[in-house]
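Reproduced below: target-v6.pdb, with PDB, N, CA and C atoms.
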```
ATOM      1  N   MET A1366     -32.231  -3.002  28.341
ATOM      2  CA  MET A1366     -31.421  -3.061  27.145
ATOM      3  C   MET A1366     -32.342  -3.359  25.969
ATOM      4  N   ASP A1367     -32.125  -2.649  24.880
ATOM      5  CA  ASP A1367     -32.948  -2.905  23.707
ATOM      6  C   ASP A1367     -32.391  -4.110  22.941
ATOM      7  N   PRO A1368     -33.209  -4.746  22.107
ATOM      8  CA  PRO A1368     -32.775  -5.960  21.411
ATOM      9  C   PRO A1368     -31.522  -5.774  20.552
ATOM     10  N   GLN A1369     -31.354  -4.634  19.906
ATOM     11  CA  GLN A1369     -30.166  -4.431  19.079
ATOM     12  C   GLN A1369     -28.903  -4.324  19.935
ATOM     13  N   ALA A1370     -28.985  -3.636  21.060
ATOM     14  CA  ALA A1370     -27.833  -3.549  21.957
ATOM     15  C   ALA A1370     -27.482  -4.932  22.492
ATOM     16  N   ALA A1371     -28.494  -5.733  22.822
ATOM     17  CA  ALA A1371     -28.255  -7.093  23.304
ATOM     18  C   ALA A1371     -27.585  -7.934  22.220
ATOM     19  N   ALA A1372     -28.019  -7.783  20.982
ATOM     20  CA  ALA A1372     -27.409  -8.511  19.863
ATOM     21  C   ALA A1372     -25.959  -8.083  19.672
ATOM     22  N   ASN A1373     -25.676  -6.790  19.844
ATOM     23  CA  ASN A1373     -24.297  -6.299  19.723
ATOM     24  C   ASN A1373     -23.399  -6.892  20.807
ATOM     25  N   ALA A1374     -23.895  -6.967  22.031
ATOM     26  CA  ALA A1374     -23.115  -7.545  23.125
ATOM     27  C   ALA A1374     -22.834  -9.019  22.855
ATOM     28  N   LEU A1375     -23.825  -9.752  22.365
ATOM     29  CA  LEU A1375     -23.632 -11.159  22.033
ATOM     30  C   LEU A1375     -22.617 -11.313  20.903
ATOM     31  N   ALA A1376     -22.663 -10.443  19.924
ATOM     32  CA  ALA A1376     -21.700 -10.508  18.817
ATOM     33  C   ALA A1376     -20.266 -10.341  19.329
ATOM     34  N   ILE A1377     -20.079  -9.477  20.305
ATOM     35  CA  ILE A1377     -18.745  -9.287  20.885
ATOM     36  C   ILE A1377     -18.303 -10.563  21.600
ATOM     37  N   LEU A1378     -19.192 -11.158  22.384
ATOM     38  CA  LEU A1378     -18.847 -12.404  23.073
ATOM     39  C   LEU A1378     -18.505 -13.505  22.075
ATOM     40  N   ARG A1379     -19.257 -13.590  20.994
ATOM     41  CA  ARG A1379     -18.979 -14.609  19.971
ATOM     42  C   ARG A1379     -17.630 -14.366  19.309
ATOM     43  N   LYS A1380     -17.332 -13.120  19.015
ATOM     44  CA  LYS A1380     -16.069 -12.775  18.350
ATOM     45  C   LYS A1380     -14.868 -13.053  19.253
ATOM     46  N   ARG A1381     -15.048 -12.930  20.555
ATOM     47  CA  ARG A1381     -13.952 -13.130  21.510
ATOM     48  C   ARG A1381     -13.828 -14.592  21.952
ATOM     49  N   ASP A1382     -14.396 -15.511  21.210
ATOM     50  CA  ASP A1382     -14.322 -16.929  21.536
ATOM     51  C   ASP A1382     -12.907 -17.324  21.919
ATOM     52  N   SER A1383     -12.760 -17.925  23.079
ATOM     53  CA  SER A1383     -11.512 -18.405  23.691
ATOM     54  C   SER A1383     -10.706 -17.298  24.371
ATOM     55  N   LEU A1384     -11.127 -16.049  24.246
ATOM     56  CA  LEU A1384     -10.481 -14.953  24.964
ATOM     57  C   LEU A1384     -11.310 -14.643  26.218
ATOM     58  N   PRO A1385     -10.683 -14.562  27.377
ATOM     59  CA  PRO A1385     -11.469 -14.283  28.582
ATOM     60  C   PRO A1385     -12.148 -12.909  28.513
ATOM     61  N   THR A1386     -13.407 -12.900  28.887
ATOM     62  CA  THR A1386     -14.189 -11.669  28.923
ATOM     63  C   THR A1386     -14.974 -11.661  30.221
ATOM     64  N   ASP A1387     -14.904 -10.561  30.957
ATOM     65  CA  ASP A1387     -15.714 -10.415  32.162
ATOM     66  C   ASP A1387     -17.032  -9.755  31.772
ATOM     67  N   VAL A1388     -18.119 -10.363  32.217
ATOM     68  CA  VAL A1388     -19.463  -9.873  31.911
ATOM     69  C   VAL A1388     -20.104  -9.424  33.217
ATOM     70  N   ARG A1389     -20.516  -8.159  33.277
ATOM     71  CA  ARG A1389     -21.253  -7.645  34.434
ATOM     72  C   ARG A1389     -22.733  -7.694  34.076
ATOM     73  N   LEU A1390     -23.522  -8.323  34.952
ATOM     74  CA  LEU A1390     -24.947  -8.514  34.709
ATOM     75  C   LEU A1390     -25.785  -7.604  35.601
ATOM     76  N   SER A1391     -27.008  -7.373  35.184
ATOM     77  CA  SER A1391     -27.890  -6.437  35.888
ATOM     78  C   SER A1391     -28.258  -6.896  37.292
ATOM     79  N   ASP A1392     -28.111  -8.189  37.599
ATOM     80  CA  ASP A1392     -28.423  -8.669  38.951
ATOM     81  C   ASP A1392     -27.227  -8.555  39.896
ATOM     82  N   GLY A1393     -26.130  -7.933  39.419
ATOM     83  CA  GLY A1393     -24.955  -7.721  40.249
ATOM     84  C   GLY A1393     -23.861  -8.756  40.071
ATOM     85  N   ARG A1394     -24.176  -9.863  39.377
ATOM     86  CA  ARG A1394     -23.155 -10.885  39.147
ATOM     87  C   ARG A1394     -22.117 -10.406  38.140
ATOM     88  N   SER A1395     -20.924 -10.936  38.297
ATOM     89  CA  SER A1395     -19.869 -10.754  37.303
ATOM     90  C   SER A1395     -19.348 -12.140  36.982
ATOM     91  N   VAL A1396     -19.336 -12.508  35.708
ATOM     92  CA  VAL A1396     -18.922 -13.841  35.300
ATOM     93  C   VAL A1396     -17.795 -13.746  34.281
ATOM     94  N   ARG A1397     -16.896 -14.707  34.345
ATOM     95  CA  ARG A1397     -15.794 -14.801  33.378
ATOM     96  C   ARG A1397     -16.229 -15.759  32.274
ATOM     97  N   VAL A1398     -16.124 -15.301  31.034
ATOM     98  CA  VAL A1398     -16.595 -16.059  29.883
ATOM     99  C   VAL A1398     -15.435 -16.334  28.939
ATOM    100  N   LEU A1399     -15.312 -17.596  28.511
ATOM    101  CA  LEU A1399     -14.322 -17.968  27.496
ATOM    102  C   LEU A1399     -14.985 -18.406  26.198
ATOM    103  N   ASN A1400     -16.189 -18.936  26.277
ATOM    104  CA  ASN A1400     -16.944 -19.283  25.077
ATOM    105  C   ASN A1400     -18.426 -19.286  25.423
ATOM    106  N   VAL A1401     -19.246 -19.201  24.390
ATOM    107  CA  VAL A1401     -20.691 -19.132  24.611
ATOM    108  C   VAL A1401     -21.433 -20.052  23.647
ATOM    109  N   ALA A1402     -22.551 -20.543  24.133
ATOM    110  CA  ALA A1402     -23.568 -21.175  23.309
ATOM    111  C   ALA A1402     -24.816 -20.329  23.539
ATOM    112  N   TRP A1403     -25.580 -20.069  22.521
ATOM    113  CA  TRP A1403     -26.705 -19.153  22.657
ATOM    114  C   TRP A1403     -27.885 -19.666  21.849
ATOM    115  N   GLY A1404     -29.041 -19.130  22.158
ATOM    116  CA  GLY A1404     -30.249 -19.486  21.435
ATOM    117  C   GLY A1404     -31.398 -18.627  21.916
ATOM    118  N   ARG A1405     -32.488 -18.739  21.198
ATOM    119  CA  ARG A1405     -33.669 -17.962  21.544
ATOM    120  C   ARG A1405     -34.879 -18.879  21.497
ATOM    121  N   ASP A1406     -35.618 -18.903  22.573
ATOM    122  CA  ASP A1406     -36.831 -19.708  22.602
ATOM    123  C   ASP A1406     -37.939 -18.986  21.839
ATOM    124  N   LEU A1407     -38.846 -19.756  21.302
ATOM    125  CA  LEU A1407     -39.953 -19.220  20.530
ATOM    126  C   LEU A1407     -40.682 -18.138  21.323
ATOM    127  N   GLY A1408     -40.805 -16.966  20.737
ATOM    128  CA  GLY A1408     -41.508 -15.861  21.377
ATOM    129  C   GLY A1408     -40.638 -14.952  22.222
ATOM    130  N   ASP A1409     -39.392 -15.354  22.516
ATOM    131  CA  ASP A1409     -38.493 -14.511  23.312
ATOM    132  C   ASP A1409     -37.900 -13.393  22.460
ATOM    133  N   GLU A1410     -37.664 -12.269  23.098
ATOM    134  CA  GLU A1410     -37.063 -11.121  22.420
ATOM    135  C   GLU A1410     -35.539 -11.137  22.542
ATOM    136  N   PHE A1411     -35.022 -11.866  23.541
ATOM    137  CA  PHE A1411     -33.588 -11.884  23.812
ATOM    138  C   PHE A1411     -33.071 -13.316  23.838
ATOM    139  N   ASP A1412     -31.796 -13.477  23.477
ATOM    140  CA  ASP A1412     -31.149 -14.782  23.507
ATOM    141  C   ASP A1412     -30.776 -15.162  24.933
ATOM    142  N   HIS A1413     -30.786 -16.472  25.212
ATOM    143  CA  HIS A1413     -30.192 -16.972  26.446
ATOM    144  C   HIS A1413     -28.780 -17.418  26.087
ATOM    145  N   VAL A1414     -27.874 -17.256  27.022
ATOM    146  CA  VAL A1414     -26.464 -17.552  26.806
ATOM    147  C   VAL A1414     -26.012 -18.548  27.873
ATOM    148  N   THR A1415     -25.345 -19.603  27.443
ATOM    149  CA  THR A1415     -24.706 -20.548  28.349
ATOM    150  C   THR A1415     -23.209 -20.417  28.123
ATOM    151  N   THR A1416     -22.456 -20.272  29.191
ATOM    152  CA  THR A1416     -21.026 -19.981  29.057
ATOM    153  C   THR A1416     -20.151 -21.172  29.401
ATOM    154  N   ASN A1417     -18.988 -21.198  28.769
ATOM    155  CA  ASN A1417     -17.888 -22.099  29.124
ATOM    156  C   ASN A1417     -18.232 -23.583  29.030
ATOM    157  N   VAL A1418     -19.007 -23.970  27.998
ATOM    158  CA  VAL A1418     -19.366 -25.378  27.845
ATOM    159  C   VAL A1418     -18.937 -25.989  26.519
ATOM    160  N   SER A1419     -18.670 -25.193  25.516
ATOM    161  CA  SER A1419     -18.391 -25.755  24.201
ATOM    162  C   SER A1419     -17.260 -25.001  23.518
ATOM    163  N   PRO A1420     -16.054 -25.488  23.553
ATOM    164  CA  PRO A1420     -15.662 -26.769  24.148
ATOM    165  C   PRO A1420     -15.586 -26.658  25.667
ATOM    166  N   SER A1421     -15.707 -27.810  26.318
ATOM    167  CA  SER A1421     -15.604 -27.808  27.769
ATOM    168  C   SER A1421     -14.182 -27.453  28.171
ATOM    169  N   LEU A1422     -14.054 -26.859  29.335
ATOM    170  CA  LEU A1422     -12.768 -26.332  29.779
ATOM    171  C   LEU A1422     -12.328 -26.993  31.067
ATOM    172  N   ASP A1423     -11.058 -27.211  31.189
ATOM    173  CA  ASP A1423     -10.490 -27.699  32.442
ATOM    174  C   ASP A1423      -9.911 -26.502  33.183
ATOM    175  N   SER A1424     -10.786 -25.709  33.743
ATOM    176  CA  SER A1424     -10.343 -24.496  34.427
ATOM    177  C   SER A1424     -11.298 -24.178  35.562
ATOM    178  N   GLU A1425     -11.043 -23.059  36.199
ATOM    179  CA  GLU A1425     -11.893 -22.629  37.300
ATOM    180  C   GLU A1425     -13.130 -21.868  36.826
ATOM    181  N   ASP A1426     -13.203 -21.588  35.529
ATOM    182  CA  ASP A1426     -14.331 -20.828  35.015
ATOM    183  C   ASP A1426     -15.603 -21.673  35.068
ATOM    184  N   THR A1427     -16.641 -21.123  35.635
ATOM    185  CA  THR A1427     -17.883 -21.852  35.854
ATOM    186  C   THR A1427     -18.806 -21.738  34.648
ATOM    187  N   ILE A1428     -19.769 -22.619  34.627
ATOM    188  CA  ILE A1428     -20.829 -22.539  33.628
ATOM    189  C   ILE A1428     -21.899 -21.610  34.192
ATOM    190  N   ASP A1429     -22.260 -20.607  33.411
ATOM    191  CA  ASP A1429     -23.291 -19.653  33.821
ATOM    192  C   ASP A1429     -24.323 -19.543  32.722
ATOM    193  N   ILE A1430     -25.532 -19.155  33.094
ATOM    194  CA  ILE A1430     -26.622 -18.945  32.143
ATOM    195  C   ILE A1430     -27.240 -17.590  32.439
ATOM    196  N   PHE A1431     -27.444 -16.797  31.378
ATOM    197  CA  PHE A1431     -28.099 -15.503  31.519
ATOM    198  C   PHE A1431     -28.719 -15.110  30.186
ATOM    199  N   TYR A1432     -29.548 -14.085  30.200
ATOM    200  CA  TYR A1432     -30.137 -13.529  28.979
ATOM    201  C   TYR A1432     -29.313 -12.332  28.530
ATOM    202  N   THR A1433     -29.268 -12.115  27.226
ATOM    203  CA  THR A1433     -28.519 -10.967  26.712
ATOM    204  C   THR A1433     -29.090  -9.654  27.244
ATOM    205  N   SER A1434     -30.346  -9.624  27.601
ATOM    206  CA  SER A1434     -30.949  -8.405  28.157
ATOM    207  C   SER A1434     -30.363  -8.044  29.516
ATOM    208  N   GLU A1435     -29.663  -8.983  30.169
ATOM    209  CA  GLU A1435     -29.065  -8.753  31.481
ATOM    210  C   GLU A1435     -27.654  -8.173  31.408
ATOM    211  N   ILE A1436     -27.055  -8.140  30.231
ATOM    212  CA  ILE A1436     -25.670  -7.689  30.102
ATOM    213  C   ILE A1436     -25.601  -6.170  30.285
ATOM    214  N   GLU A1437     -24.776  -5.738  31.231
ATOM    215  CA  GLU A1437     -24.550  -4.307  31.444
ATOM    216  C   GLU A1437     -23.210  -3.855  30.878
ATOM    217  N   ALA A1438     -22.187  -4.709  30.985
ATOM    218  CA  ALA A1438     -20.858  -4.315  30.505
ATOM    219  C   ALA A1438     -20.021  -5.556  30.225
ATOM    220  N   LEU A1439     -19.102  -5.410  29.282
ATOM    221  CA  LEU A1439     -18.105  -6.427  28.972
ATOM    222  C   LEU A1439     -16.746  -5.794  29.109
ATOM    223  N   SER A1440     -15.799  -6.525  29.690
ATOM    224  CA  SER A1440     -14.450  -5.989  29.800
ATOM    225  C   SER A1440     -13.422  -7.092  29.614
ATOM    226  N   ASP A1441     -12.237  -6.674  29.207
ATOM    227  CA  ASP A1441     -11.112  -7.576  29.024
ATOM    228  C   ASP A1441     -10.378  -7.662  30.356
ATOM    229  N   PRO A1442     -10.373  -8.831  31.016
ATOM    230  CA  PRO A1442      -9.759  -8.923  32.340
ATOM    231  C   PRO A1442      -8.245  -8.776  32.323
ATOM    232  N   GLU A1443      -7.624  -9.020  31.187
ATOM    233  CA  GLU A1443      -6.168  -8.914  31.109
ATOM    234  C   GLU A1443      -5.702  -7.465  31.038
ATOM    235  N   SER A1444      -6.449  -6.632  30.291
ATOM    236  CA  SER A1444      -6.056  -5.227  30.158
ATOM    237  C   SER A1444      -6.874  -4.304  31.052
ATOM    238  N   GLY A1445      -8.039  -4.799  31.513
ATOM    239  CA  GLY A1445      -8.934  -3.963  32.294
ATOM    240  C   GLY A1445      -9.789  -3.041  31.439
ATOM    241  N   THR A1446      -9.659  -3.143  30.126
ATOM    242  CA  THR A1446     -10.391  -2.277  29.200
ATOM    243  C   THR A1446     -11.850  -2.694  29.096
ATOM    244  N   GLN A1447     -12.750  -1.735  29.234
ATOM    245  CA  GLN A1447     -14.165  -2.015  28.998
ATOM    246  C   GLN A1447     -14.391  -2.053  27.501
ATOM    247  N   ILE A1448     -15.010  -3.128  27.001
ATOM    248  CA  ILE A1448     -15.213  -3.273  25.558
ATOM    249  C   ILE A1448     -16.676  -3.140  25.153
ATOM    250  N   TYR A1449     -17.569  -3.061  26.130
ATOM    251  CA  TYR A1449     -18.976  -2.810  25.863
ATOM    252  C   TYR A1449     -19.592  -2.237  27.125
ATOM    253  N   PRO A1450     -20.426  -1.273  27.154
ATOM    254  CA  PRO A1450     -20.820  -0.493  25.988
ATOM    255  C   PRO A1450     -19.761   0.505  25.593
TER     256      PRO A1450
END
```

What do you get writing this file as structure tokens?
Amino acid sequence: MDPQAAANALAILRKRDSLPTDVRLSDGRSVRVLNVAWGRDLGDEFDHVTTNVSPSLDSEDTIDIFYTSEIEALSDPESGTQIYP
């Protein structure tokens, strides 16, 4: 994934704050995201994303960490609609 595509995927996750989003990652994982915290370490080309921590949630959704370069697809679990790419 190129840096601009990764930034676009992160922008979608940020915009959907509090709305469930399923994220399919390049390592085969699929994670449910309700909110994100993100950042970029010095020298990195892609942001790291931590999910479901701010605000903390009383739900079954787990805390996951991944890089935006790992995002393959985003979808709305309620409608089944793919929203990225």

Legend entry - Nearest to Leu1399 (chain A), chosen from A:Thr1415, A:Pro1385, A:Glu1435, A:Thr1427, with only N, CA and C atoms counted in the distances: A:Pro1385

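Interatomic distance, CA of Lys1380 (chain A) against atom N of Glu1410 (chain A): 22.1 Å.
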
Legend entry - Expected answer as a PyMOL selection string: all residues with atoms within 8 Å of (-20.4, -26.1, 33.3), only C-alpha atoms: chain A and resi 1416-1418+1421+1427-1429

How big is the axis-aligned box, and where does its centre sit, when it encloses all atoms of region 1380-1389 of chain A listed in the file and has 6 Å added on every side, reported in Å to one decimal as JSON?
```
{"center_x": -16.6, "center_y": -13.0, "center_z": 26.4, "size_x": 24.3, "size_y": 22.8, "size_z": 28.1}
```

Inset, instruction - Could you find all residues in chain A that DSSP calls strand (DSSP E) from the backbone, and write them as a VMD selection string? - result: chain A and resid 1386 to 1390 1395 to 1398 1401 to 1404 1413 to 1416 1430 to 1432 1436 to 1440 1447 to 1449

Legend entry - Separation of atom N of Asn1400 (chain A) from atom C of Arg1381 (chain A) in Å: 6.6 Å
